[in-house]
>>> print(open('start.txt').read())   # compact mmCIF, C-alpha atoms
# COMPACT_ATOMS: atom_id res chain seq x y z
CA MET A 113 138.41 28.50 -134.78
CA GLY A 114 138.10 26.21 -131.77
CA GLN A 115 135.81 26.60 -128.86
CA THR A 116 137.22 29.08 -126.34
CA LYS A 117 134.36 29.59 -123.85
CA GLU A 118 133.53 27.41 -120.87
CA LYS A 119 130.66 25.04 -121.54
CA SER A 120 128.91 22.74 -119.08
CA LEU A 121 128.97 19.14 -120.33
CA ARG A 122 127.56 15.82 -119.12
CA VAL A 123 130.16 13.38 -117.81
CA LYS A 124 129.98 10.24 -119.96
CA GLU A 125 132.93 8.29 -118.61
CA ILE A 126 135.00 7.92 -115.46
CA ARG A 127 138.21 6.45 -116.83
CA ASN A 128 140.49 4.41 -114.58
CA GLY A 129 143.62 2.41 -115.26
CA ILE A 130 145.39 -0.21 -113.21
CA PHE A 131 145.69 0.04 -109.43
CA PHE A 132 149.13 1.44 -108.61
CA TYR A 133 150.87 0.26 -105.45
CA LYS A 134 154.53 -0.12 -104.44
CA ASN A 135 156.21 -3.39 -103.51
CA GLU A 136 158.20 -4.09 -100.34
CA GLU A 137 161.23 -2.32 -101.80
CA GLY A 138 159.18 0.79 -102.45
CA ILE A 139 159.20 0.27 -106.22
CA GLY A 140 156.05 0.93 -108.21
CA PHE A 141 155.42 0.11 -111.84
CA TYR A 142 158.51 1.95 -113.04
CA ASN A 143 162.02 0.93 -112.05
CA GLN A 144 164.78 3.32 -111.05
CA THR A 145 165.75 3.99 -114.66
CA GLY A 146 162.20 4.91 -115.63
CA ILE A 147 161.43 1.72 -117.54
CA LYS A 148 157.85 0.56 -117.10
CA LEU A 149 157.48 -2.81 -115.40
CA MET A 150 154.66 -5.23 -116.14
CA PRO A 151 151.73 -4.72 -113.72
CA SER A 152 150.69 -7.62 -111.53
CA LEU A 153 147.49 -9.56 -112.06
CA GLU A 154 146.30 -8.19 -108.72
CA SER A 155 146.71 -4.58 -109.85
CA GLU A 156 144.85 -5.26 -113.08
CA LEU A 157 141.98 -7.07 -111.35
CA ILE A 158 141.53 -4.33 -108.75
CA GLY A 159 141.86 -1.63 -111.41
CA ASN A 160 139.27 -3.37 -113.53
CA LEU A 161 136.81 -3.46 -110.61
CA ILE A 162 137.43 0.23 -109.94
CA SER A 163 136.67 0.97 -113.60
CA TYR A 164 133.54 -1.18 -113.48
CA VAL A 165 132.17 0.63 -110.44
CA GLY A 166 133.04 3.95 -112.07
CA SER A 167 130.95 3.01 -115.10
CA ILE A 168 128.02 2.18 -112.80
CA TYR A 169 128.33 5.62 -111.19
CA VAL A 170 128.05 7.22 -114.62
CA LEU A 171 124.87 5.23 -115.36
CA LEU A 172 123.30 5.94 -111.97
CA MET A 173 123.93 9.68 -112.25
CA HIS A 174 121.49 9.60 -115.20
CA ASN A 175 123.23 12.31 -117.25
CA LYS A 176 122.84 14.79 -114.37
CA PHE A 177 126.50 15.25 -113.49
CA PHE A 178 127.63 18.34 -115.37
CA VAL A 179 131.25 19.53 -115.44
CA PRO A 180 132.71 22.51 -117.34
CA ASN A 181 134.38 21.38 -120.60
CA THR A 182 134.54 17.78 -119.37
CA THR A 183 132.91 14.58 -120.60
CA ILE A 184 135.64 12.22 -119.32
CA ILE A 185 137.28 12.18 -115.89
CA HIS A 186 140.57 10.29 -115.98
CA ASN A 187 141.63 9.16 -112.52
CA TYR A 188 145.10 8.59 -111.15
CA ILE A 189 144.64 5.50 -108.94
CA ARG A 190 146.99 5.08 -106.01
CA ASP A 191 147.38 2.85 -102.97
CA SER A 192 147.24 4.93 -99.78
CA ASP A 193 149.35 2.32 -97.93
CA THR A 194 152.45 2.66 -100.07
CA TYR A 195 152.21 6.11 -101.68
CA THR A 196 153.18 8.92 -99.32
CA THR A 197 150.95 11.80 -98.33
CA ASP A 198 153.24 14.15 -100.28
CA GLU A 199 152.91 12.00 -103.42
CA ILE A 200 149.13 11.94 -103.15
CA ASN A 201 148.97 15.68 -102.39
CA TYR A 202 151.06 16.30 -105.50
CA LEU A 203 148.47 14.40 -107.55
CA ASP A 204 145.65 16.31 -105.87
CA ASN A 205 147.21 19.47 -107.23
CA GLN A 206 146.92 18.00 -110.74
CA ILE A 207 143.10 17.68 -110.56
CA SER A 208 141.81 19.56 -113.58
CA LEU A 209 138.93 20.17 -115.96
CA GLY A 210 138.92 19.48 -119.66
CA SER A 211 140.11 22.25 -121.93
CA CYS A 212 137.93 24.80 -123.67
CA GLN A 213 138.86 23.26 -127.01
CA PRO A 214 136.31 20.60 -128.02
CA TYR A 215 138.99 18.07 -128.97
CA ASN A 216 140.16 17.65 -125.36
CA PRO A 217 137.15 17.16 -123.02
CA MET A 218 139.17 15.10 -120.50
CA GLY A 219 139.54 16.21 -116.91
CA THR A 220 141.80 14.66 -114.27
CA GLY A 221 140.87 13.23 -110.88
CA VAL A 222 142.54 11.26 -108.10
CA TYR A 223 141.26 7.96 -106.69
CA VAL A 224 142.91 6.70 -103.49
CA MET A 225 142.28 3.32 -101.87
CA SER A 226 144.00 1.22 -99.22
CA ARG A 227 145.24 -2.06 -100.66
CA SER A 228 145.49 -3.66 -97.22
CA ARG A 229 141.96 -2.68 -96.27
CA PHE A 230 140.62 -3.96 -99.57
CA HIS A 231 142.07 -7.39 -98.81
CA THR A 232 140.50 -7.53 -95.33
CA PHE A 233 137.03 -7.86 -96.83
CA GLN A 234 135.77 -11.41 -97.18
CA SER A 235 132.82 -10.89 -99.53
CA GLU A 236 132.70 -9.43 -103.01
CA ILE A 237 129.86 -7.11 -101.98
CA ASP A 238 131.98 -5.65 -99.16
CA ARG A 239 134.87 -5.13 -101.59
CA LEU A 240 132.57 -3.40 -104.08
CA ASN A 241 131.07 -1.22 -101.35
CA TYR A 242 134.58 -0.14 -100.36
CA ILE A 243 135.47 0.67 -103.97
CA SER A 244 132.23 2.65 -104.20
CA GLU A 245 133.10 4.55 -101.02
CA CYS A 246 136.44 5.53 -102.54
CA HIS A 247 134.76 6.62 -105.79
CA TYR A 248 132.41 8.75 -103.75
CA GLY A 249 135.29 10.46 -101.98
CA SER A 250 137.13 10.96 -105.26
CA LEU A 251 134.13 12.51 -107.01
CA LEU A 252 133.34 14.74 -104.04
CA SER A 253 136.92 16.05 -103.97
CA PHE A 254 136.76 16.75 -107.69
CA SER A 255 133.38 18.46 -107.37
CA ASN A 256 134.27 20.52 -104.33
CA LYS A 257 137.38 21.87 -106.03
CA PHE A 258 135.30 23.21 -108.92
CA GLU A 259 132.12 23.99 -106.91
CA LEU A 260 129.97 21.47 -108.78
CA GLU A 261 126.55 20.09 -107.87
CA THR A 262 127.06 16.86 -105.89
CA LYS A 263 123.48 15.60 -105.62
CA PRO A 264 123.83 13.07 -108.51
CA ILE A 265 126.98 11.64 -106.89
CA LYS A 266 125.31 11.27 -103.50
CA GLU A 267 122.23 9.61 -105.02
CA ALA A 268 124.39 7.09 -106.89
CA PHE A 269 126.40 6.33 -103.75
CA GLU A 270 123.24 5.82 -101.67
CA PHE A 271 121.71 3.56 -104.32
CA LEU A 272 124.79 1.35 -104.46
CA GLY A 273 124.91 1.13 -100.68
CA LYS A 274 121.46 -0.48 -100.73
CA SER A 275 122.03 -2.70 -103.77
CA ASP A 276 123.13 -6.34 -103.99
CA TRP A 277 125.54 -5.43 -106.82
CA TYR A 278 123.92 -7.71 -109.40
CA PHE A 279 123.66 -5.81 -112.66
CA PRO A 280 123.10 -6.83 -116.27
CA HIS A 281 126.59 -6.62 -117.75
CA TYR A 282 125.16 -6.78 -121.25
CA TYR A 283 121.49 -5.89 -120.90
CA SER A 284 119.29 -8.01 -123.13
CA ALA A 285 115.86 -8.87 -121.74
CA ASN A 286 114.08 -11.61 -123.66
CA ILE A 287 110.28 -11.77 -123.64
CA ASN A 288 108.54 -15.08 -124.31
CA SER A 289 106.08 -15.47 -127.19
CA GLN A 290 103.07 -15.29 -124.87
CA LYS A 291 104.43 -11.97 -123.57
CA THR A 292 103.93 -13.08 -119.97
CA HIS A 293 107.54 -13.23 -118.78
CA LYS A 294 110.97 -11.88 -119.58
CA CYS A 295 114.41 -13.22 -118.60
CA TRP A 296 117.88 -11.76 -118.43
CA ILE A 297 121.22 -12.64 -116.87
CA GLN A 298 122.71 -10.55 -114.07
CA THR A 299 126.33 -10.47 -112.93
CA LEU A 300 127.98 -9.66 -109.62
CA ARG A 301 131.52 -8.72 -110.62
CA GLY A 302 134.21 -9.61 -108.12
CA TYR A 303 137.91 -9.80 -107.33
CA LYS A 304 138.03 -13.55 -106.68
CA SER A 305 134.97 -14.65 -108.66
CA ASP A 306 132.08 -13.39 -110.78
CA SER A 307 128.63 -14.67 -109.78
CA PHE A 308 125.74 -15.05 -112.20
CA ARG A 309 122.00 -15.38 -111.75
CA LEU A 310 118.91 -15.48 -113.94
CA ALA A 311 116.26 -12.82 -113.41
CA LEU A 312 112.67 -13.74 -114.29
CA GLN A 313 109.97 -11.08 -114.35
CA ASN A 314 106.23 -11.70 -114.52
CA LEU A 315 105.00 -9.00 -116.91
CA ASN A 316 101.49 -9.07 -115.43
CA THR A 317 102.52 -8.51 -111.80
CA LEU A 318 106.05 -7.07 -112.42
CA GLU A 319 107.31 -9.42 -109.70
CA THR A 320 110.92 -10.46 -110.30
CA ILE A 321 112.53 -13.59 -108.88
CA PHE A 322 116.10 -14.85 -109.20
CA PHE A 323 117.77 -18.19 -109.84
CA PRO A 324 121.50 -18.69 -109.09
CA ILE A 325 123.43 -19.97 -112.11
CA THR A 326 127.11 -20.37 -111.31
CA GLN A 327 130.37 -18.67 -110.35
CA LYS A 328 133.40 -18.13 -112.59
CA GLU A 329 136.84 -16.67 -112.23
CA PRO A 330 136.80 -12.92 -113.04
CA TYR A 331 136.55 -12.52 -116.78
CA LEU A 332 139.68 -10.36 -116.90
CA LYS A 333 141.69 -13.12 -115.21
CA ILE A 334 140.34 -15.64 -117.74
CA HIS A 335 141.25 -13.28 -120.56
CA ILE A 336 144.77 -12.51 -119.32
CA GLU A 337 145.73 -16.08 -118.49
CA ASN A 338 144.45 -17.53 -121.76
CA ASN A 339 145.84 -14.68 -123.83
CA GLU A 340 149.28 -15.56 -122.47
CA ASN A 341 148.72 -19.11 -123.71
CA ASP A 342 147.48 -17.94 -127.13
CA SER A 343 144.16 -19.73 -126.56
CA ILE A 344 141.89 -16.75 -125.88
CA ASP A 345 139.88 -17.24 -129.09
CA ASP A 346 138.62 -20.58 -127.75
CA VAL A 347 137.67 -19.35 -124.26
CA PRO A 348 134.23 -17.85 -123.46
CA LEU A 349 134.21 -14.71 -121.32
CA HIS A 350 130.48 -14.20 -120.78
CA PHE A 351 127.10 -15.88 -121.11
CA GLU A 352 125.42 -15.83 -124.49
CA THR A 353 121.63 -15.64 -124.60
CA ILE A 354 119.90 -17.94 -127.07
CA GLY A 355 116.32 -17.04 -126.11
CA TRP A 356 112.95 -18.68 -125.60
CA ARG A 357 111.99 -21.93 -127.34
CA LYS A 358 108.51 -23.41 -127.40
CA GLY A 359 107.36 -20.31 -125.55
CA ASP A 360 108.28 -21.55 -122.10
CA ILE A 361 111.92 -22.70 -122.15
CA PHE A 362 114.66 -20.07 -121.97
CA HIS A 363 118.11 -21.08 -123.27
CA PHE A 364 121.55 -19.59 -122.72
CA LYS A 365 125.14 -20.87 -122.73
CA TRP A 366 128.73 -20.33 -121.63
CA GLY A 367 130.66 -21.32 -124.72
CA GLU A 368 129.67 -24.49 -126.55
CA LYS A 369 130.18 -26.97 -123.70
CA GLU A 370 128.14 -25.39 -120.91
CA LYS A 371 124.48 -24.93 -121.75
CA TYR A 372 121.48 -24.08 -119.58
CA GLU A 373 117.72 -23.92 -119.86
CA PHE A 374 115.06 -22.43 -117.64
CA ARG A 375 111.69 -24.22 -117.72
CA LEU A 376 108.90 -21.81 -116.98
CA LYS A 377 106.22 -24.41 -116.25
CA GLU A 378 108.36 -26.16 -113.66
CA MET A 379 110.08 -22.91 -112.54
CA GLU A 380 113.34 -24.84 -112.81
CA LEU A 381 116.82 -23.91 -114.02
CA ILE A 382 118.95 -26.83 -115.20
CA LYS A 383 122.33 -27.37 -116.82
CA ILE A 384 122.01 -29.53 -119.94
>>> encode(input="start.txt", output="structure tokens")
Amino acid sequence: MGQTKEKSLRVKEIRNGIFFYKNEEGIGFYNQTGIKLMPSLESELIGNLISYVGSIYVLLMHNKFFVPNTTIIHNYIRDSDTYTTDEINYLDNQISLGSCQPYNPMGTGVYVMSRSRFHTFQSEIDRLNYISECHYGSLLSFSNKFELETKPIKEAFEFLGKSDWYFPHYYSANINSQKTHKCWIQTLRGYKSDSFRLALQNLNTLETIFFPITQKEPYLKIHIENNENDSIDDVPLHFETIGWRKGDIFHFKWGEKEKYEFRLKEMELIKI
């Protein structure tokens, strides 16, 4: 027999899809006959950023956000500029917990954001802070409906408000052979560009300093555009760490044509 009693579970994922907005004719991603239209690149890029920030919230809540019968919160994402109050209120009424059966631990939430306001921000950090603000409101609404503890949500929101939004997308810290320093690459994900920097930590003092590397188009945009041209297998989407050589030179690359090395003695990052 399946589980039938309520059980408090740790949320492991905040799941978001594309960012839904309506065009000038009031048409969303479904036409009048109910056929799904292809989403725009804009909606996918914004939706991807919303998902990225949601995943950071999950990490920053440190397994302290407990919800009855729910390990996944799936959000309906809507643009507050073009979806009516009645439409959004209807979705609010659909907010739910996962079921008591263990095979369906997915709850439902609502994430609302203004497309026009998003586009007024000039920096990626301001855009990310706005997305975070909307996540905060979404999670509070979800929690208040079910009388859940909100401290982990507030702590995550406060942390992000003070951060510079550089995070290790794929965390892999490499320690040199002398065990004096470690390096890793950090990414600031964005709507118009992704920025990368090298973090260097002195293991004796724990001081960390940063070296700007480069900027790229958002990886999702690279993926989508090259996938349409059937060339995605030949296009790098992230930095690959090679590691330390000779104990004091750290190597990494973007594909096979763009290679970098950091020279510890000279404290210099160069493209080779």
>>> atom_distance(input="start.txt", atom1="atom CA of A:Ile168", atom2="atom CA of A:Thr196")
29.3 Å
>>> residues_around(input="start.txt", residues="A:Thr299", least_positions_apart="6", cutoff="10 Å", atoms="all atoms listed in the file", output="PyMOL selection string")
chain A and resi 277-282+306-310+325+327+350-351
>>> closest_residue(input="start.txt", among="A:Lys333, A:Arg227, A:Lys371, A:Lys266", to="A:Asn135", atoms="only C-alpha atoms")
A:Arg227
>>> atom_distance(input="start.txt", atom1="atom CA of A:Ala285", atom2="atom CA of A:Lys383")
20.2 Å
>>> residues_near_point(input="start.txt", point="(108.1, -20.3, -123.2)", cutoff="8 Å", atoms="only C-alpha atoms", output="list in words")
Asn288, Ser289, Gln290, Trp356, Arg357, Lys358, Gly359, Asp360, Ile361, Phe362, Arg375 and Leu376 of chain A
>>> atom_distance(input="start.txt", atom1="atom CA of A:Lys117", atom2="atom CA of A:Ile207")
19.9 Å
>>> residues_around(input="start.txt", residues="stretch 208-223 of chain A", least_positions_apart="2", cutoff="6 Å", atoms="all atoms listed in the file", output="PyMOL selection string")
chain A and resi 114-118+181-189+250
>>> closest_atom_pairs(input="start.txt", of="stretch 247-342 of chain A", to="stretch 228-237 of chain A", cutoff="9 Å", atoms="all atoms listed in the file", output="Markdown table")
| residue | atom | partner | partner_atom | distance |
| --- | --- | --- | --- | --- |
| A:Asp276 | CA | A:Ile237 | CA | 7.1 |
| A:Trp277 | CA | A:Ile237 | CA | 6.7 |
| A:Leu300 | CA | A:Glu236 | CA | 8.1 |
| A:Arg301 | CA | A:Glu236 | CA | 7.7 |
| A:Gly302 | CA | A:Glu236 | CA | 5.3 |
| A:Tyr303 | CA | A:Glu236 | CA | 6.8 |
| A:Lys304 | CA | A:Glu236 | CA | 7.7 |
| A:Ser305 | CA | A:Glu236 | CA | 8.0 |
| A:Asp306 | CA | A:Glu236 | CA | 8.7 |
>>> write_last_selection(input="start.txt", atoms="C-alpha atoms", output="JSON list (two decimals), keeping the file's coordinate frame")
[["chain", "number", "residue", "atom", "x", "y", "z"],
["A", 276, "ASP", "CA", 123.13, -6.34, -103.99],
["A", 277, "TRP", "CA", 125.54, -5.43, -106.82],
["A", 300, "LEU", "CA", 127.98, -9.66, -109.62],
["A", 301, "ARG", "CA", 131.52, -8.72, -110.62],
["A", 302, "GLY", "CA", 134.21, -9.61, -108.12],
["A", 303, "TYR", "CA", 137.91, -9.80, -107.33],
["A", 304, "LYS", "CA", 138.03, -13.55, -106.68],
["A", 305, "SER", "CA", 134.97, -14.65, -108.66],
["A", 306, "ASP", "CA", 132.08, -13.39, -110.78]]
>>> residues_around(input="start.txt", residues="stretch 244-248 of chain A", least_positions_apart="4", cutoff="12 Å", atoms="all atoms listed in the file", output="PDB file with C-alpha atoms, in the frame of the given file")
ATOM      1  CA  ILE A 126     135.000   7.920-115.460  1.00  0.00           C
ATOM      2  CA  ARG A 127     138.210   6.450-116.830  1.00  0.00           C
ATOM      3  CA  ASN A 128     140.490   4.410-114.580  1.00  0.00           C
ATOM      4  CA  LEU A 161     136.810  -3.460-110.610  1.00  0.00           C
ATOM      5  CA  ILE A 162     137.430   0.230-109.940  1.00  0.00           C
ATOM      6  CA  SER A 163     136.670   0.970-113.600  1.00  0.00           C
ATOM      7  CA  TYR A 164     133.540  -1.180-113.480  1.00  0.00           C
ATOM      8  CA  VAL A 165     132.170   0.630-110.440  1.00  0.00           C
ATOM      9  CA  GLY A 166     133.040   3.950-112.070  1.00  0.00           C
ATOM     10  CA  SER A 167     130.950   3.010-115.100  1.00  0.00           C
ATOM     11  CA  ILE A 168     128.020   2.180-112.800  1.00  0.00           C
ATOM     12  CA  TYR A 169     128.330   5.620-111.190  1.00  0.00           C
ATOM     13  CA  VAL A 170     128.050   7.220-114.620  1.00  0.00           C
ATOM     14  CA  ILE A 185     137.280  12.180-115.890  1.00  0.00           C
ATOM     15  CA  ASN A 187     141.630   9.160-112.520  1.00  0.00           C
ATOM     16  CA  TYR A 188     145.100   8.590-111.150  1.00  0.00           C
ATOM     17  CA  ILE A 189     144.640   5.500-108.940  1.00  0.00           C
ATOM     18  CA  ARG A 190     146.990   5.080-106.010  1.00  0.00           C
ATOM     19  CA  ASP A 191     147.380   2.850-102.970  1.00  0.00           C
ATOM     20  CA  SER A 192     147.240   4.930 -99.780  1.00  0.00           C
ATOM     21  CA  GLY A 221     140.870  13.230-110.880  1.00  0.00           C
ATOM     22  CA  VAL A 222     142.540  11.260-108.100  1.00  0.00           C
ATOM     23  CA  TYR A 223     141.260   7.960-106.690  1.00  0.00           C
ATOM     24  CA  VAL A 224     142.910   6.700-103.490  1.00  0.00           C
ATOM     25  CA  MET A 225     142.280   3.320-101.870  1.00  0.00           C
ATOM     26  CA  SER A 226     144.000   1.220 -99.220  1.00  0.00           C
ATOM     27  CA  ARG A 227     145.240  -2.060-100.660  1.00  0.00           C
ATOM     28  CA  ARG A 229     141.960  -2.680 -96.270  1.00  0.00           C
ATOM     29  CA  PHE A 230     140.620  -3.960 -99.570  1.00  0.00           C
ATOM     30  CA  ILE A 237     129.860  -7.110-101.980  1.00  0.00           C
ATOM     31  CA  ASP A 238     131.980  -5.650 -99.160  1.00  0.00           C
ATOM     32  CA  ARG A 239     134.870  -5.130-101.590  1.00  0.00           C
ATOM     33  CA  LEU A 240     132.570  -3.400-104.080  1.00  0.00           C
ATOM     34  CA  LEU A 252     133.340  14.740-104.040  1.00  0.00           C
ATOM     35  CA  SER A 253     136.920  16.050-103.970  1.00  0.00           C
ATOM     36  CA  PHE A 254     136.760  16.750-107.690  1.00  0.00           C
ATOM     37  CA  SER A 255     133.380  18.460-107.370  1.00  0.00           C
ATOM     38  CA  ASN A 256     134.270  20.520-104.330  1.00  0.00           C
ATOM     39  CA  THR A 262     127.060  16.860-105.890  1.00  0.00           C
ATOM     40  CA  LYS A 263     123.480  15.600-105.620  1.00  0.00           C
ATOM     41  CA  PRO A 264     123.830  13.070-108.510  1.00  0.00           C
ATOM     42  CA  ILE A 265     126.980  11.640-106.890  1.00  0.00           C
ATOM     43  CA  LYS A 266     125.310  11.270-103.500  1.00  0.00           C
ATOM     44  CA  GLU A 267     122.230   9.610-105.020  1.00  0.00           C
ATOM     45  CA  ALA A 268     124.390   7.090-106.890  1.00  0.00           C
ATOM     46  CA  PHE A 269     126.400   6.330-103.750  1.00  0.00           C
ATOM     47  CA  GLU A 270     123.240   5.820-101.670  1.00  0.00           C
ATOM     48  CA  PHE A 271     121.710   3.560-104.320  1.00  0.00           C
ATOM     49  CA  LEU A 272     124.790   1.350-104.460  1.00  0.00           C
ATOM     50  CA  GLY A 273     124.910   1.130-100.680  1.00  0.00           C
ATOM     51  CA  LYS A 274     121.460  -0.480-100.730  1.00  0.00           C
ATOM     52  CA  SER A 275     122.030  -2.700-103.770  1.00  0.00           C
ATOM     53  CA  TRP A 277     125.540  -5.430-106.820  1.00  0.00           C
TER      54      TRP A 277
END
>>> closest_residue(input="start.txt", among="A:Leu315, A:Ile243, A:Gln206, A:Ile297", to="A:Lys257", atoms="only C-alpha atoms")
A:Gln206
>>> closest_residue(input="start.txt", among="A:Ile336, A:Ile158, A:Cys295, A:Leu153", to="A:Gly129", atoms="only C-alpha atoms")
A:Ile158
>>> closest_residue(input="start.txt", among="A:Asp204, A:Glu136, A:Glu378, A:Glu352", to="A:Ser284", atoms="all atoms listed in the file")
A:Glu352
